[in-house]
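Pasting model08.cif here (mmCIF, C-alpha atoms):
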```cif
data_start
loop_
_atom_site.label_atom_id
_atom_site.label_comp_id
_atom_site.auth_asym_id
_atom_site.auth_seq_id
_atom_site.Cartn_x
_atom_site.Cartn_y
_atom_site.Cartn_z
CA MET F 1469 1.63 15.21 58.09
CA ILE F 1470 0.43 16.46 54.71
CA ALA F 1471 -1.90 14.40 52.56
CA ILE F 1472 -1.50 14.86 48.81
CA ILE F 1473 -4.84 13.74 47.49
CA ASP F 1474 -4.52 11.02 44.88
CA TYR F 1475 -7.47 10.77 42.53
CA GLY F 1476 -5.70 9.38 39.50
CA VAL F 1477 -4.35 12.48 37.77
CA GLY F 1478 -0.78 13.45 37.13
CA ASN F 1479 2.59 12.70 38.53
CA LEU F 1480 2.97 13.64 42.18
CA PHE F 1481 6.64 12.78 42.56
CA SER F 1482 7.94 16.38 42.38
CA LEU F 1483 5.28 17.62 44.75
CA GLN F 1484 6.08 14.97 47.31
CA SER F 1485 9.82 15.64 46.90
CA SER F 1486 9.34 19.36 47.44
CA PHE F 1487 7.78 18.74 50.86
CA ALA F 1488 10.61 16.36 51.72
CA ALA F 1489 13.04 19.16 50.80
CA ILE F 1490 11.51 21.44 53.46
CA GLY F 1491 11.47 18.64 56.03
CA GLU F 1492 7.73 17.91 55.91
CA GLU F 1493 6.28 14.45 55.64
CA ALA F 1494 3.86 14.20 52.75
CA VAL F 1495 1.97 11.09 51.72
CA VAL F 1496 0.15 10.51 48.45
CA THR F 1497 -3.14 8.95 49.42
CA ALA F 1498 -6.76 8.28 48.54
CA ASP F 1499 -7.52 6.77 51.95
CA PRO F 1500 -10.16 8.83 53.84
CA ALA F 1501 -8.70 7.64 57.17
CA VAL F 1502 -5.24 8.99 56.27
CA ILE F 1503 -6.76 12.21 54.96
CA ALA F 1504 -8.70 12.58 58.23
CA GLN F 1505 -5.46 12.22 60.20
CA ALA F 1506 -3.51 14.69 58.07
CA ASP F 1507 -2.87 18.22 59.33
CA ARG F 1508 -3.09 19.71 55.88
CA LEU F 1509 -4.29 18.72 52.42
CA ILE F 1510 -2.93 19.33 48.95
CA LEU F 1511 -5.23 19.04 45.95
CA PRO F 1512 -2.98 18.58 42.90
CA GLY F 1513 -4.07 18.38 39.29
CA VAL F 1514 -2.94 18.46 35.71
CA GLY F 1515 -4.84 17.88 32.49
CA ALA F 1516 -8.43 18.66 31.67
CA PHE F 1517 -10.98 20.06 34.14
CA GLU F 1518 -13.90 17.84 33.16
CA ASP F 1519 -11.93 14.62 33.51
CA ALA F 1520 -10.36 15.66 36.84
CA ALA F 1521 -13.68 16.85 38.32
CA LYS F 1522 -15.27 13.54 37.36
CA LYS F 1523 -12.43 11.56 38.92
CA LEU F 1524 -12.73 13.62 42.13
CA ARG F 1525 -16.43 12.82 42.38
CA ASP F 1526 -16.22 9.18 41.26
CA SER F 1527 -13.40 8.40 43.68
CA GLY F 1528 -15.40 9.85 46.56
CA MET F 1529 -12.59 12.35 47.19
CA ALA F 1530 -14.87 15.34 46.52
CA ASP F 1531 -17.03 14.50 49.53
CA VAL F 1532 -14.02 13.69 51.71
CA ILE F 1533 -12.47 17.08 50.83
CA LYS F 1534 -15.67 19.01 51.55
CA HIS F 1535 -16.01 17.27 54.90
CA GLU F 1536 -12.41 18.05 55.95
CA VAL F 1537 -12.55 21.65 54.79
CA ALA F 1538 -15.86 22.20 56.59
CA ALA F 1539 -14.04 21.13 59.77
CA GLY F 1540 -11.43 23.85 59.11
CA LYS F 1541 -8.51 21.79 57.82
CA PRO F 1542 -6.16 23.89 55.64
CA MET F 1543 -6.13 22.77 52.02
CA MET F 1544 -4.19 24.08 49.03
CA GLY F 1545 -5.16 23.42 45.43
CA ILE F 1546 -2.35 23.64 42.89
CA CYS F 1547 -2.76 24.50 39.19
CA LEU F 1548 -5.79 22.54 37.97
CA GLY F 1549 -6.28 21.65 41.66
CA MET F 1550 -6.87 25.37 42.28
CA GLN F 1551 -9.31 25.65 39.40
CA LEU F 1552 -11.30 22.71 40.79
CA LEU F 1553 -12.00 24.74 43.95
CA PHE F 1554 -14.33 27.04 41.98
CA GLU F 1555 -17.99 26.67 41.12
CA LYS F 1556 -17.75 26.20 37.41
CA SER F 1557 -15.29 25.87 34.53
CA TYR F 1558 -15.83 26.77 30.90
CA GLU F 1559 -13.07 24.52 29.59
CA TYR F 1560 -14.60 22.65 26.62
CA GLY F 1561 -18.18 23.11 27.78
CA GLU F 1562 -19.51 23.86 31.22
CA HIS F 1563 -18.44 21.75 34.17
CA GLU F 1564 -19.12 21.88 37.88
CA GLY F 1565 -16.24 22.21 40.34
CA LEU F 1566 -16.08 21.77 44.11
CA GLY F 1567 -17.66 25.17 44.77
CA LEU F 1568 -15.42 25.91 47.75
CA ILE F 1569 -14.61 29.35 46.35
CA LYS F 1570 -17.03 31.61 44.50
CA GLY F 1571 -16.03 32.13 40.86
CA ASN F 1572 -15.58 30.53 37.46
CA VAL F 1573 -12.71 29.22 35.38
CA ARG F 1574 -12.46 30.85 31.94
CA PRO F 1575 -10.06 30.75 28.95
CA ILE F 1576 -7.20 33.24 29.24
CA ALA F 1577 -7.76 33.90 25.51
CA ASP F 1578 -10.85 35.91 26.58
CA VAL F 1579 -8.77 38.53 28.36
CA ILE F 1580 -5.21 38.62 27.02
CA ASP F 1581 -3.98 40.52 23.96
CA LYS F 1582 -4.07 38.72 20.64
CA GLY F 1583 -0.65 37.46 19.59
CA LEU F 1584 0.40 36.50 23.12
CA LYS F 1585 1.20 32.86 23.51
CA ILE F 1586 -1.18 30.37 25.07
CA PRO F 1587 -0.58 28.65 27.45
CA HIS F 1588 0.80 31.30 29.75
CA ILE F 1589 4.00 29.37 30.33
CA GLY F 1590 7.14 30.33 32.22
CA TRP F 1591 8.22 32.43 35.18
CA ASN F 1592 6.14 35.45 36.06
CA ARG F 1593 6.13 37.91 38.95
CA LEU F 1594 3.62 37.55 41.75
CA ILE F 1595 1.77 40.82 42.28
CA VAL F 1596 0.27 40.68 45.76
CA LYS F 1597 -3.24 42.08 46.04
CA LYS F 1598 -4.00 41.06 49.60
CA PRO F 1599 -1.85 39.81 52.46
CA SER F 1600 -1.88 36.05 52.83
CA PRO F 1601 -0.14 33.69 55.26
CA LEU F 1602 1.25 31.95 52.13
CA PHE F 1603 3.35 35.04 51.40
CA LYS F 1604 5.04 35.09 54.79
CA TYR F 1605 8.49 34.59 53.21
CA LEU F 1606 7.79 36.25 49.85
CA ASN F 1607 9.95 39.14 48.62
CA ASP F 1608 8.93 41.88 46.26
CA GLY F 1609 9.55 40.82 42.65
CA ASP F 1610 9.64 37.07 43.35
CA CYS F 1611 8.74 34.95 40.31
CA VAL F 1612 6.92 31.63 40.15
CA TYR F 1613 6.39 29.08 37.38
CA PHE F 1614 3.08 28.99 35.49
CA VAL F 1615 1.65 26.64 32.86
CA HIS F 1616 -2.03 27.23 32.14
CA SER F 1617 -4.55 28.17 29.46
CA TYR F 1618 -7.51 28.90 31.78
CA TYR F 1619 -7.76 31.24 34.74
CA ALA F 1620 -10.00 31.88 37.72
CA ALA F 1621 -12.44 34.73 37.06
CA ASP F 1622 -15.33 36.41 38.89
CA CYS F 1623 -13.53 35.82 42.19
CA GLU F 1624 -12.29 39.31 43.20
CA ASP F 1625 -13.04 38.71 46.89
CA SER F 1626 -10.71 35.73 47.18
CA VAL F 1627 -7.77 36.83 44.96
CA THR F 1628 -4.55 37.31 46.93
CA ALA F 1629 -2.08 37.66 44.02
CA VAL F 1630 -2.11 38.03 40.25
CA ALA F 1631 0.38 37.73 37.39
CA GLU F 1632 0.51 40.30 34.60
CA TYR F 1633 0.10 38.88 31.08
CA SER F 1634 -1.42 41.89 29.29
CA ALA F 1635 -4.30 41.23 31.70
CA GLU F 1636 -4.13 40.41 35.40
CA LEU F 1637 -4.47 36.64 35.73
CA THR F 1638 -5.42 35.15 39.08
CA ALA F 1639 -2.28 33.62 40.59
CA SER F 1640 -3.50 32.74 44.09
CA VAL F 1641 -6.74 32.70 46.04
CA GLU F 1642 -7.91 32.23 49.59
CA ASN F 1643 -11.26 31.62 51.26
CA GLY F 1644 -11.08 30.67 54.93
CA CYS F 1645 -8.92 27.58 55.22
CA VAL F 1646 -9.01 26.95 51.46
CA TYR F 1647 -5.99 28.18 49.46
CA GLY F 1648 -5.15 27.91 45.79
CA CYS F 1649 -2.12 28.57 43.57
CA GLN F 1650 -2.41 28.69 39.80
CA PHE F 1651 1.38 28.38 39.56
CA HIS F 1652 3.45 25.34 40.53
CA PRO F 1653 5.21 25.99 43.85
CA GLU F 1654 6.99 22.63 43.46
CA LYS F 1655 8.59 23.95 40.25
CA SER F 1656 9.24 27.50 41.42
CA GLY F 1657 12.64 27.02 43.02
CA ASP F 1658 13.29 28.48 46.47
CA VAL F 1659 10.36 30.89 46.20
CA GLY F 1660 8.00 27.97 45.68
CA LEU F 1661 9.49 25.98 48.55
CA LYS F 1662 9.00 29.00 50.83
CA ILE F 1663 5.34 29.22 49.85
CA LEU F 1664 4.92 25.52 50.70
CA LYS F 1665 6.75 26.10 53.97
CA ALA F 1666 4.42 28.98 54.82
CA PHE F 1667 1.43 26.74 54.07
CA CYS F 1668 2.83 24.15 56.48
CA GLU F 1669 2.98 26.81 59.19
CA ILE F 1670 -0.64 27.93 58.90
CA MET U 47 5.21 40.09 32.20
CA ILE U 48 6.50 36.61 31.53
CA THR U 49 10.29 36.50 31.86
CA LYS U 50 12.77 35.27 29.26
CA ARG U 51 14.15 31.87 30.24
CA ILE U 52 17.78 30.80 30.39
CA ILE U 53 18.22 27.07 29.97
CA PRO U 54 21.44 25.10 30.41
CA CYS U 55 21.52 21.79 28.57
CA LEU U 56 23.36 18.80 30.04
CA ASP U 57 24.44 15.95 27.77
CA VAL U 58 24.40 12.77 29.82
CA LYS U 59 26.13 9.53 28.81
CA ASN U 60 26.11 6.47 31.04
CA GLY U 61 24.87 8.60 33.92
CA ARG U 62 27.61 11.24 33.63
CA VAL U 63 27.74 14.75 32.17
CA VAL U 64 29.77 14.53 28.99
CA LYS U 65 31.42 17.89 28.69
CA GLY U 66 33.97 18.65 31.38
CA VAL U 67 33.22 21.43 33.79
CA ASN U 68 35.00 22.94 36.70
CA PHE U 69 33.20 25.15 39.18
CA GLU U 70 34.14 26.21 42.60
CA GLY U 71 32.05 24.32 45.12
CA LEU U 72 31.30 21.41 42.84
CA ASN U 73 32.80 18.18 44.11
CA ASP U 74 31.92 15.99 41.20
CA VAL U 75 31.96 17.94 37.96
CA ALA U 76 30.47 15.07 35.98
CA SER U 77 27.53 14.43 38.28
CA PRO U 78 24.32 15.57 36.56
CA VAL U 79 22.58 15.89 39.92
CA GLU U 80 25.25 18.18 41.38
CA LEU U 81 25.48 20.26 38.23
CA ALA U 82 21.69 20.61 38.07
CA GLN U 83 21.60 21.78 41.68
CA TYR U 84 24.39 24.22 40.97
CA TYR U 85 22.65 25.73 37.93
CA SER U 86 19.37 25.95 39.81
CA SER U 87 21.08 27.88 42.61
CA CYS U 88 22.67 30.23 40.01
CA GLY U 89 19.27 31.17 38.62
CA ALA U 90 18.75 28.80 35.67
CA ASP U 91 15.05 28.93 34.79
CA GLU U 92 14.81 25.40 33.52
CA LEU U 93 17.10 22.48 32.73
CA VAL U 94 17.40 20.15 29.78
CA PHE U 95 18.86 16.69 30.24
CA TYR U 96 19.85 15.11 26.99
CA ASP U 97 20.45 11.38 27.11
CA ILE U 98 23.09 10.40 24.56
CA THR U 99 23.46 6.87 25.91
CA ALA U 100 23.12 4.05 23.45
CA SER U 101 22.99 1.02 25.76
CA ALA U 102 20.10 -0.26 27.87
CA GLU U 103 22.26 -0.18 31.02
CA GLY U 104 23.08 3.44 30.32
CA ARG U 105 19.41 4.19 29.90
CA ALA U 106 18.57 2.70 33.29
CA LEU U 107 21.34 4.80 34.83
CA PHE U 108 19.83 7.86 33.19
CA THR U 109 16.41 7.34 34.75
CA ASP U 110 18.04 6.87 38.16
CA ILE U 111 19.83 10.18 37.67
CA LEU U 112 16.56 11.81 36.65
CA THR U 113 14.76 10.58 39.76
CA GLU U 114 17.57 11.81 41.97
CA THR U 115 17.55 15.21 40.25
CA ALA U 116 13.78 15.60 40.57
CA ARG U 117 14.16 14.87 44.27
CA LYS U 118 16.56 17.77 44.72
CA VAL U 119 15.92 20.35 42.01
CA PHE U 120 12.68 22.31 41.93
CA ILE U 121 12.67 24.00 38.55
CA PRO U 122 11.16 22.59 35.35
CA LEU U 123 13.08 19.72 33.85
CA THR U 124 12.95 18.76 30.16
CA VAL U 125 14.30 15.42 29.00
CA GLY U 126 15.36 14.48 25.49
CA GLY U 127 17.37 11.87 23.67
CA GLY U 128 16.18 8.44 22.63
CA ILE U 129 12.48 9.32 22.83
CA ASN U 130 10.87 7.15 20.18
CA THR U 131 7.62 5.89 21.67
CA VAL U 132 4.87 6.88 24.08
CA GLU U 133 6.43 4.37 26.50
CA ASP U 134 9.61 6.48 26.46
CA PHE U 135 7.52 9.51 27.47
CA ASP U 136 6.00 7.50 30.29
CA ARG U 137 9.40 6.26 31.46
CA VAL U 138 10.92 9.73 31.90
CA LEU U 139 7.76 11.47 33.14
CA LYS U 140 7.47 8.92 35.95
CA CYS U 141 11.01 9.82 37.01
CA GLY U 142 10.15 13.48 37.42
CA ALA U 143 10.55 15.09 33.98
CA ASP U 144 8.06 17.89 33.30
CA LYS U 145 8.49 18.04 29.55
CA VAL U 146 9.82 15.62 26.97
CA SER U 147 11.60 16.69 23.83
CA VAL U 148 11.46 14.66 20.64
CA ASN U 149 13.63 14.97 17.57
CA SER U 150 14.54 11.95 15.40
CA GLY U 151 11.73 9.97 17.06
CA ALA U 152 9.15 12.36 15.61
CA ILE U 153 10.80 12.25 12.17
CA ARG U 154 10.61 8.45 12.15
CA ASN U 155 7.08 8.42 13.51
CA PRO U 156 5.23 11.71 12.91
CA ASP U 157 2.28 10.33 14.90
CA LEU U 158 4.35 10.30 18.11
CA ILE U 159 3.72 13.96 18.93
CA TYR U 160 -0.03 13.63 18.47
CA GLN U 161 -0.22 10.50 20.62
CA ALA U 162 1.91 11.96 23.40
CA ALA U 163 0.10 15.32 23.41
CA LYS U 164 -3.24 13.56 23.72
CA LEU U 165 -2.00 11.52 26.67
CA TYR U 166 0.05 14.09 28.56
CA GLY U 167 -1.06 17.46 27.21
CA ASP U 168 0.54 19.86 24.73
CA GLN U 169 2.55 21.58 27.46
CA CYS U 170 4.47 18.35 27.96
CA VAL U 171 5.64 17.84 24.38
CA VAL U 172 8.60 19.74 22.94
CA ILE U 173 9.69 19.45 19.32
CA SER U 174 13.43 19.84 18.99
CA ALA U 175 14.61 20.49 15.46
CA ASP U 176 18.17 20.53 14.08
CA VAL U 177 18.06 22.82 11.08
CA LYS U 178 20.61 23.74 8.41
CA ARG U 179 20.53 25.99 5.35
CA GLU U 180 20.74 24.31 2.00
CA ASP U 181 20.31 26.04 -1.36
CA GLY U 182 18.59 28.95 0.35
CA GLU U 183 16.15 26.75 2.26
CA PHE U 184 15.99 25.56 5.84
CA ARG U 185 16.26 21.77 6.02
CA VAL U 186 15.61 19.40 8.93
CA TYR U 187 18.39 17.08 9.96
CA ALA U 188 18.03 13.87 11.95
CA LYS U 189 20.30 11.70 14.08
CA GLY U 190 22.02 14.49 15.95
CA GLY U 191 22.50 16.59 12.82
CA ARG U 192 24.18 13.86 10.77
CA GLU U 193 21.40 13.01 8.35
CA ASN U 194 19.63 15.37 5.97
CA THR U 195 15.95 14.41 5.87
CA GLY U 196 15.30 16.68 2.90
CA MET U 197 12.27 18.12 4.69
CA GLU U 198 11.66 21.88 4.67
CA ALA U 199 12.06 23.03 8.27
CA ILE U 200 9.35 25.66 8.74
CA SER U 201 6.56 23.44 7.44
CA TRP U 202 7.90 20.51 9.48
CA ILE U 203 7.89 22.54 12.69
CA LYS U 204 4.42 23.93 11.93
CA ARG U 205 3.16 20.42 11.38
CA CYS U 206 4.60 19.30 14.74
CA VAL U 207 2.92 22.21 16.50
CA ASP U 208 -0.39 21.46 14.77
CA ASN U 209 -0.03 17.89 16.03
CA GLY U 210 0.30 19.11 19.60
CA ALA U 211 3.89 20.14 20.32
CA GLY U 212 3.63 22.87 22.95
CA GLU U 213 7.12 24.27 22.54
CA VAL U 214 9.86 24.42 19.89
CA VAL U 215 13.61 24.13 20.46
CA LEU U 216 15.29 25.41 17.32
CA ASN U 217 18.90 24.37 17.01
CA SER U 218 20.72 25.96 14.10
CA ILE U 219 23.42 23.63 12.84
CA ASP U 220 24.87 26.60 10.92
CA THR U 221 25.62 28.60 14.07
CA ASP U 222 26.07 25.72 16.54
CA GLY U 223 29.55 25.77 18.06
CA VAL U 224 30.55 28.94 16.19
CA LYS U 225 29.94 31.16 19.25
CA LYS U 226 29.16 34.23 17.15
CA GLY U 227 25.56 34.52 18.26
CA PHE U 228 22.21 32.82 17.73
CA ASP U 229 20.80 32.31 14.23
CA LEU U 230 18.45 35.29 14.25
CA GLU U 231 17.24 34.84 10.68
CA MET U 232 16.22 31.23 11.24
CA LEU U 233 14.69 32.01 14.63
CA GLU U 234 12.63 34.84 13.18
CA ALA U 235 11.27 32.61 10.45
CA VAL U 236 10.20 29.98 12.99
CA SER U 237 8.82 32.51 15.51
CA ASN U 238 6.63 34.03 12.82
CA ALA U 239 5.33 30.63 11.80
CA VAL U 240 4.19 29.25 15.17
CA SER U 241 2.25 30.55 18.17
CA VAL U 242 3.91 28.38 20.83
CA PRO U 243 7.09 29.31 22.74
CA VAL U 244 10.34 29.13 20.76
CA ILE U 245 13.64 28.32 22.44
CA ALA U 246 16.81 29.44 20.68
CA SER U 247 19.72 27.04 20.59
CA GLY U 248 23.10 27.05 18.89
CA GLY U 249 25.61 29.85 18.61
CA ALA U 250 25.72 31.67 21.92
CA GLY U 251 29.28 32.62 22.82
CA ARG U 252 28.88 35.48 25.24
CA ILE U 253 26.36 37.43 27.30
CA GLU U 254 25.75 39.96 24.50
CA ASP U 255 24.48 37.20 22.22
CA PHE U 256 21.54 36.59 24.57
CA ILE U 257 20.84 40.33 24.88
CA THR U 258 20.85 40.68 21.08
CA LEU U 259 18.57 37.65 20.76
CA PHE U 260 15.87 38.94 23.11
CA GLN U 261 16.10 42.56 21.93
CA THR U 262 16.00 41.71 18.23
CA LEU U 263 13.40 38.96 18.51
CA PRO U 264 11.04 39.69 21.41
CA LYS U 265 8.95 36.72 20.28
CA VAL U 266 11.68 34.26 21.29
CA ASP U 267 11.00 32.97 24.81
CA ALA U 268 14.22 31.35 25.91
CA GLY U 269 17.89 30.84 25.16
CA LEU U 270 19.51 27.44 25.53
CA ALA U 271 23.22 26.67 25.66
CA ALA U 272 25.55 23.98 26.92
CA SER U 273 29.32 24.35 26.82
CA ILE U 274 29.51 28.11 27.49
CA PHE U 275 27.75 27.48 30.80
CA HIS U 276 29.66 24.26 31.55
CA PHE U 277 33.03 25.91 30.97
CA GLY U 278 32.06 29.00 32.89
CA GLU U 279 32.52 31.27 29.85
CA VAL U 280 29.10 32.69 30.63
CA LYS U 281 27.96 32.69 34.24
CA ILE U 282 24.20 32.48 34.56
CA ALA U 283 24.05 35.01 37.40
CA ASP U 284 26.04 37.56 35.33
CA LEU U 285 23.93 36.86 32.27
CA LYS U 286 20.68 37.45 34.14
CA ALA U 287 21.98 40.62 35.75
CA ALA U 288 22.96 41.91 32.28
CA MET U 289 19.54 41.00 30.87
CA ALA U 290 17.78 42.83 33.70
CA ALA U 291 20.03 45.87 33.19
CA ALA U 292 19.13 45.85 29.49
CA GLY U 293 15.44 45.97 30.37
CA ILE U 294 14.71 42.38 29.35
CA PRO U 295 12.12 40.75 31.64
CA THR U 296 14.22 38.41 33.77
CA ARG U 297 13.84 36.33 36.89
CA VAL U 298 16.76 37.36 39.10
#
```
Can you present the structure in this file as C-alpha cells?
Amino acid sequence: MIAIIDYGVGNLFSLQSSFAAIGEEAVVTADPAVIAQADRLILPGVGAFEDAAKKLRDSGMADVIKHEVAAGKPMMGICLGMQLLFEKSYEYGEHEGLGLIKGNVRPIADVIDKGLKIPHIGWNRLIVKKPSPLFKYLNDGDCVYFVHSYYAADCEDSVTAVAEYSAELTASVENGCVYGCQFHPEKSGDVGLKILKAFCEI
Amino acid sequence: MITKRIIPCLDVKNGRVVKGVNFEGLNDVASPVELAQYYSSCGADELVFYDITASAEGRALFTDILTETARKVFIPLTVGGGINTVEDFDRVLKCGADKVSVNSGAIRNPDLIYQAAKLYGDQCVVISADVKREDGEFRVYAKGGRENTGMEAISWIKRCVDNGAGEVVLNSIDTDGVKKGFDLEMLEAVSNAVSVPVIASGGAGRIEDFITLFQTLPKVDAGLAASIFHFGEVKIADLKAAMAAAGIPTRV
C-alpha cells in the first residue's frame, strides 16, 4: 500500500487515480499509523514553498516522514514535494526544507535565457544523467509534463535526470531511499504511469 | 527543449460531446470520457473540456464526466465554460481539472482572475479570449463570440495576464471555422505583448496549418482545434509525425 501524505495542500485526486490505473492501492492520509504501515510514501505538493513547509511541520508530518525515511522506506516527492526534500528554498525569501537531500531550490529565472517563458510549462524530454530504478521502463526521448518556476540547484550528486530549457533544470533526484520528480508523473501519460510503476517495484 | 502542444477541445452539453465523431475503436462517439481516452492514446498533449450546458442538471452531469475522465486520463485537463466565480473554479478543480479557463466570466468580473490566481496559482488560470477585427483594431467579444464588448483585445489580454492569468487561449473569430489556417497576425500581436504561453485557436484546417503556425511564430506554445480532430480530418498521430519531421519540438 502507498500512502500519499496529506498535509493540506493541493488536489490529490489525479495522483490517487494514477496509482489505481496501475493496480496499486494508494490512500491519502495524515495518520502516522497508516503511514507506518505503508510500503511506500508519496510527498505531493503544489503552491508556495513557505506555506507547504510550514504545513508539513505544523501537521507533524515532517517528523513522521523523517522517521520513516530513516528506517529505509522508499519515498517520492513530486513537484513542490520534491523541492521540499532539499535543505533550503529561495522562493520569496529563505525557507527551510526537510533537508533529506543536499541542495537548494532557486528561481529558474537565474539560469535560463531571458525571453523564455516562466513557468517552465509543458512536455519536455527527460535527459538521464544517472541510472535510477525509476527509469526501469523509460525509453530514450520520453517526455514528461512540467509546471514550475523554481528548480533544485547545488545538488549534482543526487541528480538522476534533467530537462533542457536553455539551461539544464533538475528533473529528478535520488538519495538512498528518497526520490524526487520535478515533473508530474500523474499528468505525464503512459510514461508517467511507468515511472510510478517502477517506484512501486523498488 | 519544451515541446509544442497539440490540444483537442471537446464541447460538452448535458454530459455528451456535441460535435459528431466517428473513429474506429470508439464505441460511444459522444462519450467525453471515451473520446478523451482516445485522444490521449493518439498523443494529444492536453485536453480542453468546454461545458456549453445551460441547466443545473447538465452542470452536475458535466462534473461527473470530469471526475470519470480524471480517473482514466493522465494528461493535463483544462476546463472552461460557465466559470463565473471562484466557487466554479473550486467545483471543477475538485473533480480533477488542472487548469480552468475563463472568458465571459472575467469580462463581467475582472477581479475573478486575480482572486483565482491568488487561491490556486497563476498556472491554474487560463484567459480565453474571442477576438475579432473591427476598423483595424482587435476587439474582445463575449458570450461565445456573440457580443462585442468594445474593448481593445491586446490591452485586455495584457491586463488579464497582469492579474495572474498563466496562459492565454486566443481564438480568432475571423479565422474560426474558415479552415484556411490560424490567424498569424493576431497571434503575433498577442505573443509579443505577453510573456506567458499562448495557445492558438481558430482556423486550422489541415496539418500544414500547424506547421506554418509553429514555424512562423516560434513564440506560440500550442495549437488548439475541435472539429478537424473530431471528424478525423487531421489525425493527431499524423500531425505530430509531420511536426517532428519539420523539426518542430514534438512529443511523439
### Task
For chain U, report every residue with an atom at most 6 Å from chain F (counting all atoms listed in the file), formatted as a ChimeraX atom specification.
/U:47-49,117,120-122,241-242
Write out the residues from the selection above, keeping C-alpha atoms, as a CSV table (one decimal), in the frame of the given file.
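Contents of the output file part.csv:
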```
chain,number,residue,atom,x,y,z
U,47,MET,CA,5.2,40.1,32.2
U,48,ILE,CA,6.5,36.6,31.5
U,49,THR,CA,10.3,36.5,31.9
U,117,ARG,CA,14.2,14.9,44.3
U,120,PHE,CA,12.7,22.3,41.9
U,121,ILE,CA,12.7,24.0,38.6
U,122,PRO,CA,11.2,22.6,35.4
U,241,SER,CA,2.2,30.6,18.2
U,242,VAL,CA,3.9,28.4,20.8
```
### Query
How many Å lie between CA of Thr262 (chain U) and CA of Asp1578 (chain F), rounded to one decimal?
28.7 Å
### Message
Residues proximal to (7.0, 16.8, 10.9) were defined as those with any atom within 9 Å of that point in the file's coordinates, counting all atoms listed in the file. Which are they, as number ranges by chain?
### Response
U: 152-153, 155-157, 197, 199, 201-207, 209
Include C-alpha atoms and write out the residues we just selected as a CSV table (one decimal), keeping the file's coordinate frame.
```csv
chain,number,residue,atom,x,y,z
U,152,ALA,CA,9.2,12.4,15.6
U,153,ILE,CA,10.8,12.2,12.2
U,155,ASN,CA,7.1,8.4,13.5
U,156,PRO,CA,5.2,11.7,12.9
U,157,ASP,CA,2.3,10.3,14.9
U,197,MET,CA,12.3,18.1,4.7
U,199,ALA,CA,12.1,23.0,8.3
U,201,SER,CA,6.6,23.4,7.4
U,202,TRP,CA,7.9,20.5,9.5
U,203,ILE,CA,7.9,22.5,12.7
U,204,LYS,CA,4.4,23.9,11.9
U,205,ARG,CA,3.2,20.4,11.4
U,206,CYS,CA,4.6,19.3,14.7
U,207,VAL,CA,2.9,22.2,16.5
U,209,ASN,CA,0.0,17.9,16.0
```
#### Entry: Using all atoms listed in the file: which of U:Lys145, U:Lys59, U:Lys281, U:Lys50 has the shortest distance to Asp168 (chain U)
U:Lys145
#### Entry: Point-to-point distance in Å for CA of Leu270 (chain U) and CA of Ser218 (chain U)
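So the two atoms, CA of Ser218 (chain U) and CA of Leu270 (chain U), lie 11.6 Å apart.
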### Query
Excluding same-chain residues fewer than 5 positions from Gly1540 (chain F), what lies within 10 Å of it counting all atoms listed in the file, as a PyMOL selection string?
chain F and resi 1508+1534-1535+1644-1646
#### Entry: Residues in the PyMOL selection byres ((chain U and resi 61) around 12), expressed as a ChimeraX atom specification
/U:56-60,62-64,76-79,95-115
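Taking CA of Ala246 (chain U) and CA of Val146 (chain U) as the two end points, the separation is 16.7 Å.
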### Message
Could you tell me, as a VMD selection string, exactly which residues end up selected when the PyMOL selection byres ((chain U and resi 127) around 8) is applied to this structure?
### Response
chain U and resid 96 to 98 125 to 126 128 to 129 147 to 149
With 3 Å of padding per side, what axis-aligned box (centre and edge lengths, Å, one decimal) covers all the listed atoms of region 87-92 of chain U? Give it as AutoDock Vina command-line options.
```
--center_x 18.7 --center_y 28.3 --center_z 38.1 --size_x 13.9 --size_y 11.8 --size_z 15.1
```
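Put simply, the PyMOL selection byres ((chain F and resi 1505) around 12) on this file hits F:Met1469, F:Ile1470, F:Ala1471, F:Val1495, F:Thr1497, F:Asp1499, F:Pro1500, F:Ala1501, F:Val1502, F:Ile1503, F:Ala1504, F:Ala1506, F:Asp1507, F:Arg1508, F:Leu1509, F:Glu1536, F:Lys1541.
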